[in-house]
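> Here you go, this is target-v5.pdb (PDB, C-alpha atoms and all ligand atoms).
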ATOM      1  CA  MET A1280      76.998 -32.462 -44.108  1.00  0.00           C
ATOM      2  CA  MET A1281      74.267 -34.382 -42.431  1.00  0.00           C
ATOM      3  CA  SER A1282      71.355 -35.700 -44.430  1.00  0.00           C
ATOM      4  CA  GLU A1283      67.656 -35.829 -43.698  1.00  0.00           C
ATOM      5  CA  ASP A1284      68.180 -39.487 -42.726  1.00  0.00           C
ATOM      6  CA  ASP A1285      70.819 -38.448 -40.197  1.00  0.00           C
ATOM      7  CA  HIS A1286      68.442 -35.921 -38.687  1.00  0.00           C
ATOM      8  CA  LYS A1287      65.773 -38.580 -38.328  1.00  0.00           C
ATOM      9  CA  LYS A1288      68.280 -41.031 -36.885  1.00  0.00           C
ATOM     10  CA  TYR A1289      69.396 -38.578 -34.211  1.00  0.00           C
ATOM     11  CA  MET A1290      65.833 -37.500 -33.423  1.00  0.00           C
ATOM     12  CA  ARG A1291      64.916 -41.163 -32.986  1.00  0.00           C
ATOM     13  CA  LEU A1292      67.860 -41.476 -30.604  1.00  0.00           C
ATOM     14  CA  ALA A1293      66.680 -38.394 -28.704  1.00  0.00           C
ATOM     15  CA  LEU A1294      63.212 -39.903 -28.415  1.00  0.00           C
ATOM     16  CA  SER A1295      64.640 -43.171 -27.111  1.00  0.00           C
ATOM     17  CA  GLN A1296      66.491 -41.097 -24.497  1.00  0.00           C
ATOM     18  CA  ALA A1297      63.276 -39.312 -23.504  1.00  0.00           C
ATOM     19  CA  LYS A1298      61.805 -42.711 -22.637  1.00  0.00           C
ATOM     20  CA  HIS A1299      64.494 -43.147 -19.945  1.00  0.00           C
ATOM     21  CA  SER A1300      63.327 -39.993 -18.194  1.00  0.00           C
ATOM     22  CA  PRO A1301      61.327 -40.735 -15.035  1.00  0.00           C
ATOM     23  CA  PRO A1302      57.729 -39.586 -15.645  1.00  0.00           C
ATOM     24  CA  GLN A1303      56.747 -36.724 -13.343  1.00  0.00           C
ATOM     25  CA  PRO A1304      53.471 -34.848 -13.002  1.00  0.00           C
ATOM     26  CA  THR A1305      55.167 -31.462 -13.223  1.00  0.00           C
ATOM     27  CA  ASN A1306      57.624 -31.701 -16.060  1.00  0.00           C
ATOM     28  CA  PHE A1307      58.166 -33.118 -19.501  1.00  0.00           C
ATOM     29  CA  CYS A1308      60.229 -36.193 -20.322  1.00  0.00           C
ATOM     30  CA  VAL A1309      62.579 -34.818 -22.941  1.00  0.00           C
ATOM     31  CA  GLY A1310      65.525 -36.401 -24.713  1.00  0.00           C
ATOM     32  CA  ALA A1311      68.435 -34.683 -26.423  1.00  0.00           C
ATOM     33  CA  VAL A1312      71.433 -35.605 -28.542  1.00  0.00           C
ATOM     34  CA  LEU A1313      74.503 -33.483 -29.088  1.00  0.00           C
ATOM     35  CA  VAL A1314      76.523 -34.225 -32.219  1.00  0.00           C
ATOM     36  CA  CYS A1315      79.993 -32.682 -32.512  1.00  0.00           C
ATOM     37  CA  PRO A1316      82.215 -32.985 -35.579  1.00  0.00           C
ATOM     38  CA  PRO A1317      85.317 -35.094 -34.839  1.00  0.00           C
ATOM     39  CA  ARG A1318      88.767 -33.521 -34.756  1.00  0.00           C
ATOM     40  CA  ASN A1319      89.763 -35.757 -37.637  1.00  0.00           C
ATOM     41  CA  PRO A1320      87.105 -35.631 -40.372  1.00  0.00           C
ATOM     42  CA  ALA A1321      87.657 -39.325 -41.076  1.00  0.00           C
ATOM     43  CA  ASP A1322      86.416 -40.227 -37.601  1.00  0.00           C
ATOM     44  CA  ASN A1323      82.834 -40.616 -36.485  1.00  0.00           C
ATOM     45  CA  PRO A1324      81.108 -37.625 -34.919  1.00  0.00           C
ATOM     46  CA  ILE A1325      81.036 -37.359 -31.148  1.00  0.00           C
ATOM     47  CA  VAL A1326      77.528 -38.208 -29.983  1.00  0.00           C
ATOM     48  CA  ILE A1327      76.377 -37.325 -26.479  1.00  0.00           C
ATOM     49  CA  THR A1328      72.914 -38.123 -25.154  1.00  0.00           C
ATOM     50  CA  GLY A1329      70.858 -36.715 -22.309  1.00  0.00           C
ATOM     51  CA  TYR A1330      67.375 -36.809 -20.857  1.00  0.00           C
ATOM     52  CA  THR A1331      65.331 -34.904 -18.308  1.00  0.00           C
ATOM     53  CA  LEU A1332      66.488 -35.668 -14.737  1.00  0.00           C
ATOM     54  CA  GLU A1333      69.290 -37.934 -15.928  1.00  0.00           C
ATOM     55  CA  LEU A1334      71.887 -36.133 -13.845  1.00  0.00           C
ATOM     56  CA  PRO A1335      71.431 -35.039 -10.211  1.00  0.00           C
ATOM     57  CA  GLY A1336      69.262 -31.973  -9.639  1.00  0.00           C
ATOM     58  CA  ASN A1337      66.407 -30.687 -11.745  1.00  0.00           C
ATOM     59  CA  THR A1338      68.364 -31.296 -14.914  1.00  0.00           C
ATOM     60  CA  HIS A1339      67.017 -30.846 -18.425  1.00  0.00           C
ATOM     61  CA  ALA A1340      67.921 -33.071 -21.354  1.00  0.00           C
ATOM     62  CA  GLU A1341      70.036 -30.477 -23.197  1.00  0.00           C
ATOM     63  CA  GLN A1342      71.705 -29.488 -19.937  1.00  0.00           C
ATOM     64  CA  CYS A1343      72.696 -33.132 -19.337  1.00  0.00           C
ATOM     65  CA  CYS A1344      74.343 -33.280 -22.776  1.00  0.00           C
ATOM     66  CA  PHE A1345      76.342 -30.154 -21.988  1.00  0.00           C
ATOM     67  CA  LEU A1346      77.290 -31.315 -18.486  1.00  0.00           C
ATOM     68  CA  LYS A1347      78.582 -34.571 -19.949  1.00  0.00           C
ATOM     69  CA  TYR A1348      80.502 -32.783 -22.680  1.00  0.00           C
ATOM     70  CA  PHE A1349      82.104 -30.109 -20.532  1.00  0.00           C
ATOM     71  CA  GLY A1350      82.633 -32.134 -17.367  1.00  0.00           C
ATOM     72  CA  ASP A1351      84.012 -29.760 -14.752  1.00  0.00           C
ATOM     73  CA  GLN A1352      85.063 -27.141 -17.310  1.00  0.00           C
ATOM     74  CA  THR A1353      83.847 -23.630 -16.602  1.00  0.00           C
ATOM     75  CA  ASN A1354      83.054 -20.618 -18.753  1.00  0.00           C
ATOM     76  CA  PRO A1355      84.093 -19.904 -21.498  1.00  0.00           C
ATOM     77  CA  PHE A1356      82.613 -22.964 -23.106  1.00  0.00           C
ATOM     78  CA  TYR A1357      84.026 -24.097 -26.430  1.00  0.00           C
ATOM     79  CA  MET A1358      82.761 -26.758 -28.773  1.00  0.00           C
ATOM     80  CA  PRO A1359      83.700 -27.588 -32.368  1.00  0.00           C
ATOM     81  CA  ALA A1360      82.062 -25.344 -34.942  1.00  0.00           C
ATOM     82  CA  GLY A1361      79.198 -27.097 -36.655  1.00  0.00           C
ATOM     83  CA  SER A1362      78.021 -28.957 -33.572  1.00  0.00           C
ATOM     84  CA  THR A1363      74.333 -29.799 -33.677  1.00  0.00           C
ATOM     85  CA  LEU A1364      71.749 -30.252 -30.980  1.00  0.00           C
ATOM     86  CA  TYR A1365      68.690 -32.468 -31.324  1.00  0.00           C
ATOM     87  CA  THR A1366      65.978 -32.222 -28.724  1.00  0.00           C
ATOM     88  CA  THR A1367      62.528 -33.738 -28.637  1.00  0.00           C
ATOM     89  CA  MET A1368      61.051 -30.436 -27.449  1.00  0.00           C
ATOM     90  CA  GLU A1369      61.777 -26.779 -27.953  1.00  0.00           C
ATOM     91  CA  PRO A1370      64.503 -25.715 -25.481  1.00  0.00           C
ATOM     92  CA  CYS A1371      63.335 -23.731 -22.471  1.00  0.00           C
ATOM     93  CA  ASN A1372      63.908 -20.019 -22.165  1.00  0.00           C
ATOM     94  CA  ALA A1373      62.960 -19.418 -18.533  1.00  0.00           C
ATOM     95  CA  ARG A1374      63.708 -21.293 -15.330  1.00  0.00           C
ATOM     96  CA  SER A1375      63.670 -20.573 -11.635  1.00  0.00           C
ATOM     97  CA  ALA A1376      66.609 -18.719 -10.128  1.00  0.00           C
ATOM     98  CA  GLY A1377      69.883 -20.581 -10.110  1.00  0.00           C
ATOM     99  CA  ASN A1378      69.033 -22.661 -13.162  1.00  0.00           C
ATOM    100  CA  ALA A1379      70.210 -21.319 -16.493  1.00  0.00           C
ATOM    101  CA  PRO A1380      67.613 -21.894 -19.222  1.00  0.00           C
ATOM    102  CA  CYS A1381      68.769 -24.259 -21.960  1.00  0.00           C
ATOM    103  CA  VAL A1382      68.528 -21.448 -24.519  1.00  0.00           C
ATOM    104  CA  GLN A1383      71.037 -19.434 -22.514  1.00  0.00           C
ATOM    105  CA  ARG A1384      73.362 -22.441 -22.310  1.00  0.00           C
ATOM    106  CA  ILE A1385      73.171 -23.008 -26.064  1.00  0.00           C
ATOM    107  CA  LEU A1386      73.874 -19.346 -26.799  1.00  0.00           C
ATOM    108  CA  GLY A1387      76.826 -19.423 -24.402  1.00  0.00           C
ATOM    109  CA  ILE A1388      78.829 -22.017 -26.320  1.00  0.00           C
ATOM    110  CA  ASN A1389      81.343 -20.675 -28.810  1.00  0.00           C
ATOM    111  CA  ALA A1390      83.607 -22.109 -31.457  1.00  0.00           C
ATOM    112  CA  LYS A1391      87.319 -21.521 -30.816  1.00  0.00           C
ATOM    113  CA  GLN A1392      87.656 -19.702 -34.136  1.00  0.00           C
ATOM    114  CA  GLY A1393      84.782 -17.422 -33.156  1.00  0.00           C
ATOM    115  CA  GLY A1394      81.044 -17.503 -33.625  1.00  0.00           C
ATOM    116  CA  ARG A1395      78.589 -19.948 -32.194  1.00  0.00           C
ATOM    117  CA  ALA A1396      79.497 -23.610 -32.021  1.00  0.00           C
ATOM    118  CA  ILE A1397      75.889 -24.705 -32.472  1.00  0.00           C
ATOM    119  CA  LYS A1398      74.235 -23.058 -35.433  1.00  0.00           C
ATOM    120  CA  THR A1399      71.244 -25.339 -35.757  1.00  0.00           C
ATOM    121  CA  VAL A1400      68.917 -26.872 -33.188  1.00  0.00           C
ATOM    122  CA  PHE A1401      66.610 -29.607 -34.412  1.00  0.00           C
ATOM    123  CA  VAL A1402      63.381 -30.079 -32.474  1.00  0.00           C
ATOM    124  CA  GLY A1403      60.876 -32.896 -32.745  1.00  0.00           C
ATOM    125  CA  ALA A1404      57.855 -31.135 -31.317  1.00  0.00           C
ATOM    126  CA  SER A1405      56.729 -27.555 -31.416  1.00  0.00           C
ATOM    127  CA  GLU A1406      55.480 -26.146 -28.180  1.00  0.00           C
ATOM    128  CA  PRO A1407      51.761 -26.848 -27.751  1.00  0.00           C
ATOM    129  CA  GLU A1408      49.837 -23.800 -28.848  1.00  0.00           C
ATOM    130  CA  THR A1409      48.979 -22.663 -25.362  1.00  0.00           C
ATOM    131  CA  PHE A1410      52.681 -22.270 -24.685  1.00  0.00           C
ATOM    132  CA  VAL A1411      53.314 -19.752 -27.400  1.00  0.00           C
ATOM    133  CA  GLY A1412      54.083 -16.492 -25.708  1.00  0.00           C
ATOM    134  CA  VAL A1413      55.249 -18.387 -22.661  1.00  0.00           C
ATOM    135  CA  ASN A1414      58.246 -20.316 -23.869  1.00  0.00           C
ATOM    136  CA  GLU A1415      60.110 -18.138 -26.304  1.00  0.00           C
ATOM    137  CA  GLY A1416      62.901 -20.625 -26.766  1.00  0.00           C
ATOM    138  CA  LYS A1417      62.704 -20.827 -30.526  1.00  0.00           C
ATOM    139  CA  LYS A1418      62.408 -17.058 -30.897  1.00  0.00           C
ATOM    140  CA  LYS A1419      65.351 -16.376 -28.595  1.00  0.00           C
ATOM    141  CA  LEU A1420      67.540 -18.880 -30.400  1.00  0.00           C
ATOM    142  CA  GLU A1421      66.663 -17.367 -33.748  1.00  0.00           C
ATOM    143  CA  GLU A1422      67.388 -13.897 -32.419  1.00  0.00           C
ATOM    144  CA  GLY A1423      70.781 -15.241 -31.408  1.00  0.00           C
ATOM    145  CA  GLY A1424      71.451 -16.406 -34.941  1.00  0.00           C
ATOM    146  CA  ILE A1425      70.632 -20.070 -34.386  1.00  0.00           C
ATOM    147  CA  GLU A1426      68.366 -21.843 -36.802  1.00  0.00           C
ATOM    148  CA  VAL A1427      65.589 -23.956 -35.285  1.00  0.00           C
ATOM    149  CA  VAL A1428      64.410 -26.747 -37.549  1.00  0.00           C
ATOM    150  CA  LYS A1429      61.619 -29.193 -36.881  1.00  0.00           C
ATOM    151  CA  VAL A1430      62.184 -32.833 -37.767  1.00  0.00           C
ATOM    152  CA  GLU A1431      58.820 -34.097 -38.924  1.00  0.00           C
ATOM    153  CA  GLY A1432      57.258 -37.420 -38.063  1.00  0.00           C
ATOM    154  CA  PHE A1433      57.970 -37.707 -34.350  1.00  0.00           C
ATOM    155  CA  GLU A1434      55.713 -35.173 -32.684  1.00  0.00           C
ATOM    156  CA  GLU A1435      52.850 -37.447 -31.677  1.00  0.00           C
ATOM    157  CA  GLU A1436      55.065 -39.982 -29.947  1.00  0.00           C
ATOM    158  CA  ILE A1437      57.263 -37.270 -28.459  1.00  0.00           C
ATOM    159  CA  LEU A1438      54.283 -35.601 -26.790  1.00  0.00           C
ATOM    160  CA  LYS A1439      52.998 -38.939 -25.526  1.00  0.00           C
ATOM    161  CA  VAL A1440      56.367 -39.720 -23.951  1.00  0.00           C
ATOM    162  CA  ALA A1441      56.843 -36.162 -22.689  1.00  0.00           C
ATOM    163  CA  THR A1442      53.564 -36.137 -20.782  1.00  0.00           C
ATOM    164  CA  ALA A1443      53.710 -39.728 -19.514  1.00  0.00           C
ATOM    165  CA  GLY A1444      53.756 -38.593 -15.885  1.00  0.00           C
ATOM    166  CA  HIS A1445      51.028 -36.023 -16.201  1.00  0.00           C
ATOM    167  CA  VAL A1446      47.699 -36.558 -14.481  1.00  0.00           C
ATOM    168  CA  LYS A1447      45.099 -37.579 -17.016  1.00  0.00           C
ATOM    169  CA  GLU A1448      41.662 -36.534 -15.861  1.00  0.00           C
ATOM    170  CA  GLY A1449      39.845 -35.091 -18.800  1.00  0.00           C
ATOM    171  CA  HIS A1450      41.850 -31.925 -18.644  1.00  0.00           C
ATOM    172  CA  GLN A1451      45.048 -33.326 -19.952  1.00  0.00           C
ATOM    173  CA  GLU A1452      45.617 -30.202 -21.996  1.00  0.00           C
ATOM    174  CA  ARG A1453      45.536 -28.103 -18.885  1.00  0.00           C
ATOM    175  CA  GLN A1454      47.869 -30.469 -17.114  1.00  0.00           C
ATOM    176  CA  ALA A1455      50.266 -30.472 -19.984  1.00  0.00           C
ATOM    177  CA  ASN A1456      50.125 -26.835 -20.852  1.00  0.00           C
ATOM    178  CA  GLY A1457      48.510 -24.879 -18.063  1.00  0.00           C
ATOM    179  CA  GLY A1458      49.816 -24.684 -14.541  1.00  0.00           C
ATOM    180  CA  SER A1459      52.076 -21.850 -13.557  1.00  0.00           C
ATOM    181  CA  GLY A1460      55.689 -22.831 -13.493  1.00  0.00           C
ATOM    182  CA  MET A1461      55.353 -25.249 -16.384  1.00  0.00           C
ATOM    183  CA  LYS A1462      57.144 -22.830 -18.602  1.00  0.00           C
ATOM    184  CA  GLU A1463      60.370 -23.332 -16.780  1.00  0.00           C
ATOM    185  CA  LEU A1464      60.109 -27.051 -16.968  1.00  0.00           C
ATOM    186  CA  THR A1465      59.915 -27.591 -20.680  1.00  0.00           C
ATOM    187  CA  GLY A1466      62.774 -28.770 -22.859  1.00  0.00           C
TER     188      GLY A1466
HETATM  189 ZN    ZN B   1      65.667 -26.642 -20.521  1.00  0.00          ZN
END
Translate the structure described by the file into C-alpha cells.

Amino acid sequence: MMSEDDHKKYMRLALSQAKHSPPQPTNFCVGAVLVCPPRNPADNPIVITGYTLELPGNTHAEQCCFLKYFGDQTNPFYMPAGSTLYTTMEPCNARSAGNAPCVQRILGINAKQGGRAIKTVFVGASEPETFVGVNEGKKKLEEGGIEVVKVEGFEEEILKVATAGHVKEGHQERQANGGSGMKELTG
C-alpha cells in the first residue's frame, strides 16, 4: 500500500513533468505519473511519466504515460491491478474528434483477472470553478467506479505551471477558463 508520503512524492514528480511541457496559449501544461505494481512484489513499482505535448501530436500528459506503457499494443489494454495514475489536473472528458479523452482511456484499461486496472486517480488541482459543468472528468471516472482523490498542497504551483503560456492581460481567469474549446484541452 502506498502512503500519503508516496502520494506526495509522485505528485511532486508529476509537477516536475508539467514543467517540461512547452507553454502554449491554448492549453494547460499538465504532468502525469503512472505507477504499476511490479510482477515480483519485492521489486520497485514501474513508474512512467508524461507531460502535455511530450509525444508527437496534441498529446495529453496521461495519454503520454499510456502510449509509453503500451507501445504499439492495441485494444484490449491490460495493466496490473492496483495501478495508480497521478495527474496535476483533473483528466479531460471531451476532446475533438479523433482524440480519445483521457477519461475514456483510463476507463478502457483492464486488469487481466478482470475489473479495472486503475482504481484510483490522484489529482493535484481541481478544475477551476468556471469549468465545473464543462469538464466532467472526475464525475465520469467516479461513475465508472474509479476513485478520484486530491493530493493537497500542490494546487497553487500546479495552476501557475499549467497556465504559464496563457496570455496575461487582466483577464487571466477568462484566458485560463473561458474560451470555447478549452474544455478539450485540459488534463
Ligand atoms: Zn486529457
> Show me which residues line ligand ZN 1 (chain B), defined as having an atom within 12 Å of a ligand atom where only C-alpha atoms and all ligand atoms count, and present them as JSON, numbers by chain.
{"A": [1306, 1307, 1308, 1309, 1310, 1311, 1329, 1330, 1331, 1332, 1337, 1338, 1339, 1340, 1341, 1342, 1343, 1344, 1345, 1366, 1367, 1368, 1369, 1370, 1371, 1372, 1373, 1374, 1375, 1378, 1379, 1380, 1381, 1382, 1383, 1384, 1385, 1414, 1415, 1416, 1417, 1461, 1462, 1463, 1464, 1465, 1466]}
> With all atoms listed in the file as the basis for distance, which of A:Val1312, A:Lys1418, A:Pro1335, A:Ile1327 is at the shortest distance from Leu1294 in chain A?
A:Val1312
> Hey, can you check how far CA of Tyr1348 in chain A sits from CA of Cys1315 in chain A?
9.8 Å
> So the first atom is CA of Thr1442 in chain A and the second is CA of Asp1285 in chain A; what is the distance between them in Å, to one decimal place?
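Computing the Euclidean distance for CA of Thr1442 in chain A and CA of Asp1285 in chain A yields 26.1 Å.
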> Report, in Å with one decimal, the straight-line distance from CA of Ile1325 in chain A to CA of Met1358 in chain A.
11.0 Å
> Which one is closest to Met1280 in chain A: A:Gly1432, A:Pro1324, A:Gly1424, A:Gly1394? Count all atoms listed in the file.
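Result for the nearest residue to Met1280 in chain A: A:Pro1324.
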> Carefully work through the PyMOL selection byres (((chain A and resi 1355) around 12) and not hetatm) for this structure and note down the residues it includes, as a list in words.
Phe1349, Asp1351, Gln1352, Thr1353, Asn1354, Phe1356, Tyr1357, Met1358, Arg1384, Leu1386, Gly1387, Ile1388, Asn1389, Ala1390, Lys1391 and Gly1393 of chain A
> To test the calculation: enclose all listed atoms of range 1436-1442 of chain A in a box whose edges run along x, y and z, add 3 Å on each side, then state centre and edge lengths in Å to one decimal, as lines of an AutoDock Vina configuration file.

center_x = 55.1
center_y = -37.8
center_z = -25.4
size_x = 10.3
size_y = 10.4
size_z = 15.2
> I'd like to know which of A:Gln1392, A:Thr1399, A:Gln1303, A:Asn1323 is closest to Tyr1365 in chain A, using all atoms listed in the file.
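Going through A:Gln1392, A:Thr1399, A:Gln1303, A:Asn1323 one by one, the smallest distance to Tyr1365 in chain A is for A:Thr1399.
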> Name the residues that the PyMOL selection byres (((chain A and resi 1286-1292) around 10) and not hetatm) picks from the file above, as a VMD selection string, using the file's chain letters and numbers.
chain A and resid 1281 to 1285 1293 to 1297 1310 to 1314 1326 1328 1363 to 1367 1401 to 1403 1429 to 1433 1437
> Start from the incomplete input, build N, CA, C and O atoms for range 1306-1325 of chain A, and deliver everything as a CSV table (one decimal), keeping the file's coordinate frame.

chain,number,residue,atom,x,y,z
A,1306,ASN,N,56.7,-32.1,-15.0
A,1306,ASN,CA,57.6,-31.7,-16.1
A,1306,ASN,C,57.5,-32.6,-17.2
A,1306,ASN,O,56.8,-33.6,-17.2
A,1307,PHE,N,58.2,-32.3,-18.3
A,1307,PHE,CA,58.2,-33.1,-19.5
A,1307,PHE,C,59.4,-34.1,-19.6
A,1307,PHE,O,60.5,-33.7,-19.1
A,1308,CYS,N,59.1,-35.3,-20.1
A,1308,CYS,CA,60.2,-36.2,-20.3
A,1308,CYS,C,60.8,-35.9,-21.7
A,1308,CYS,O,60.1,-36.1,-22.7
A,1309,VAL,N,62.0,-35.3,-21.7
A,1309,VAL,CA,62.6,-34.8,-22.9
A,1309,VAL,C,63.9,-35.6,-23.1
A,1309,VAL,O,64.6,-35.9,-22.2
A,1310,GLY,N,64.2,-35.8,-24.4
A,1310,GLY,CA,65.5,-36.4,-24.7
A,1310,GLY,C,66.3,-35.5,-25.6
A,1310,GLY,O,65.7,-34.7,-26.4
A,1311,ALA,N,67.6,-35.5,-25.6
A,1311,ALA,CA,68.4,-34.7,-26.4
A,1311,ALA,C,69.7,-35.4,-26.9
A,1311,ALA,O,70.1,-36.4,-26.2
A,1312,VAL,N,70.2,-35.0,-28.0
A,1312,VAL,CA,71.4,-35.6,-28.5
A,1312,VAL,C,72.3,-34.5,-29.1
A,1312,VAL,O,71.8,-33.6,-29.8
A,1313,LEU,N,73.5,-34.5,-28.6
A,1313,LEU,CA,74.5,-33.5,-29.1
A,1313,LEU,C,75.5,-34.2,-30.0
A,1313,LEU,O,76.0,-35.2,-29.7
A,1314,VAL,N,75.6,-33.6,-31.2
A,1314,VAL,CA,76.5,-34.2,-32.2
A,1314,VAL,C,77.6,-33.2,-32.6
A,1314,VAL,O,77.3,-32.1,-33.1
A,1315,CYS,N,78.9,-33.6,-32.2
A,1315,CYS,CA,80.0,-32.7,-32.5
A,1315,CYS,C,80.9,-33.3,-33.6
A,1315,CYS,O,81.2,-34.5,-33.5
A,1316,PRO,N,81.3,-32.5,-34.6
A,1316,PRO,CA,82.2,-33.0,-35.6
A,1316,PRO,C,83.5,-33.5,-34.9
A,1316,PRO,O,84.0,-32.8,-34.0
A,1317,PRO,N,84.1,-34.6,-35.4
A,1317,PRO,CA,85.3,-35.1,-34.8
A,1317,PRO,C,86.5,-34.2,-35.2
A,1317,PRO,O,86.4,-33.5,-36.2
A,1318,ARG,N,87.6,-34.3,-34.4
A,1318,ARG,CA,88.8,-33.5,-34.8
A,1318,ARG,C,89.3,-33.9,-36.1
A,1318,ARG,O,89.7,-33.1,-36.9
A,1319,ASN,N,89.3,-35.2,-36.3
A,1319,ASN,CA,89.8,-35.8,-37.6
A,1319,ASN,C,88.5,-36.1,-38.4
A,1319,ASN,O,87.7,-36.9,-38.0
A,1320,PRO,N,88.3,-35.4,-39.6
A,1320,PRO,CA,87.1,-35.6,-40.4
A,1320,PRO,C,86.8,-37.1,-40.8
A,1320,PRO,O,85.7,-37.4,-41.1
A,1321,ALA,N,87.9,-37.9,-40.7
A,1321,ALA,CA,87.7,-39.3,-41.1
A,1321,ALA,C,87.0,-40.1,-39.9
A,1321,ALA,O,86.5,-41.2,-40.2
A,1322,ASP,N,87.0,-39.5,-38.7
A,1322,ASP,CA,86.4,-40.2,-37.6
A,1322,ASP,C,84.9,-40.0,-37.5
A,1322,ASP,O,84.4,-39.1,-38.2
A,1323,ASN,N,84.3,-40.8,-36.7
A,1323,ASN,CA,82.8,-40.6,-36.5
A,1323,ASN,C,82.6,-39.4,-35.6
A,1323,ASN,O,83.4,-39.0,-34.8
A,1324,PRO,N,81.4,-38.8,-35.8
A,1324,PRO,CA,81.1,-37.6,-34.9
A,1324,PRO,C,81.0,-38.1,-33.5
A,1324,PRO,O,80.8,-39.2,-33.2
A,1325,ILE,N,81.2,-37.1,-32.6
A,1325,ILE,CA,81.0,-37.4,-31.1
A,1325,ILE,C,79.6,-37.2,-30.8
A,1325,ILE,O,79.0,-36.1,-31.1
